[in-house]
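One structure is given here, and the rest of the page talks about it.
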Amino acid sequence: MINRAKQTADEYRHLGGRRLAAFDDNKASTRAWDKDTPEAERFWQTRIATLPDRERAEVQSFLPSIVDESDEPRGRH
């Protein structure tokens with residue numbers, strides 16, 4: 001079974017995407033301390049930001065979590 005949301009998140013990360021998933025009151029969002037590569041930013045704007053809220057939240061759920069210390073940006077603890 002293919003999970004399109006996971007594939008989309010994986011492709012974004014492969015392109016140099018740096019956004020991290022954050023969940024506040026069961027609402028998905030992202031945070032970024034470092035800029036995405038131009039390719040990842042373009043991918044985000046054209047393939048993820050344009051998704052309906054529910055589908056975008058599903059993609060975001062496959063990004064590293066903001067509370068997962070192994071994926072925190074360097075220098076932030």
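Just so we're on the same page: first chain in the structure tokens is A, next is B, and so on; residues restart at 1 for each chain, and ligands are numbered from 1 in the order they show up.
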
Selection: 7 Å around Ser65 of chain A, only C-alpha atoms, excl. self and same-chain fewer than 2 positions, as a list in words: Leu20, Ala21, Ala22, Leu63, Val67 and Asp68 of chain A

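Within segment 14-63 of chain A, DSSP run on the backbone puts these residues in strand (DSSP E or B): A:Leu20, A:Ala21, A:Ala22, A:Phe23, A:Asp24, A:Lys27, A:Ala28, A:Ser29, A:Thr30, A:Arg31.
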
Just list the residues in segment 15-73 of chain A DSSP gives helix (DSSP H, G or I) on the backbone, as a ChimeraX atom specification. /A:38-48,53-60,69-71

Report, in Å with one decimal, the straight-line distance from atom CA of Ala9 of chain A to atom CA of Thr37 of chain A. 14.6 Å

Excluding Thr30 of chain A and residues on its chain fewer than 6 positions from it, collect all residues at most 12 Å away from it, counting only C-alpha atoms, and give them as an NGL selection string. :A and (17-24 or 44 or 48-49 or 56-67)

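When atom CA of Lys35 of chain A is paired with atom CA of Asn3 of chain A, their separation reads 26.5 Å.
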
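Relative to atom CA of Arg31 of chain A, atom CA of Asp53 of chain A is found at 16.4 Å.
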
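The nearest approach to Glu11 of chain A among the residues A:Phe43, A:Thr50, A:Pro38, A:Trp33, with only C-alpha atoms taken into account, belongs to A:Phe43.
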
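Closest approach to Ala28 of chain A from the set A:Thr8, A:Glu41, A:Ile2, A:Arg54 is made by A:Arg54, with distances taken over only C-alpha atoms.
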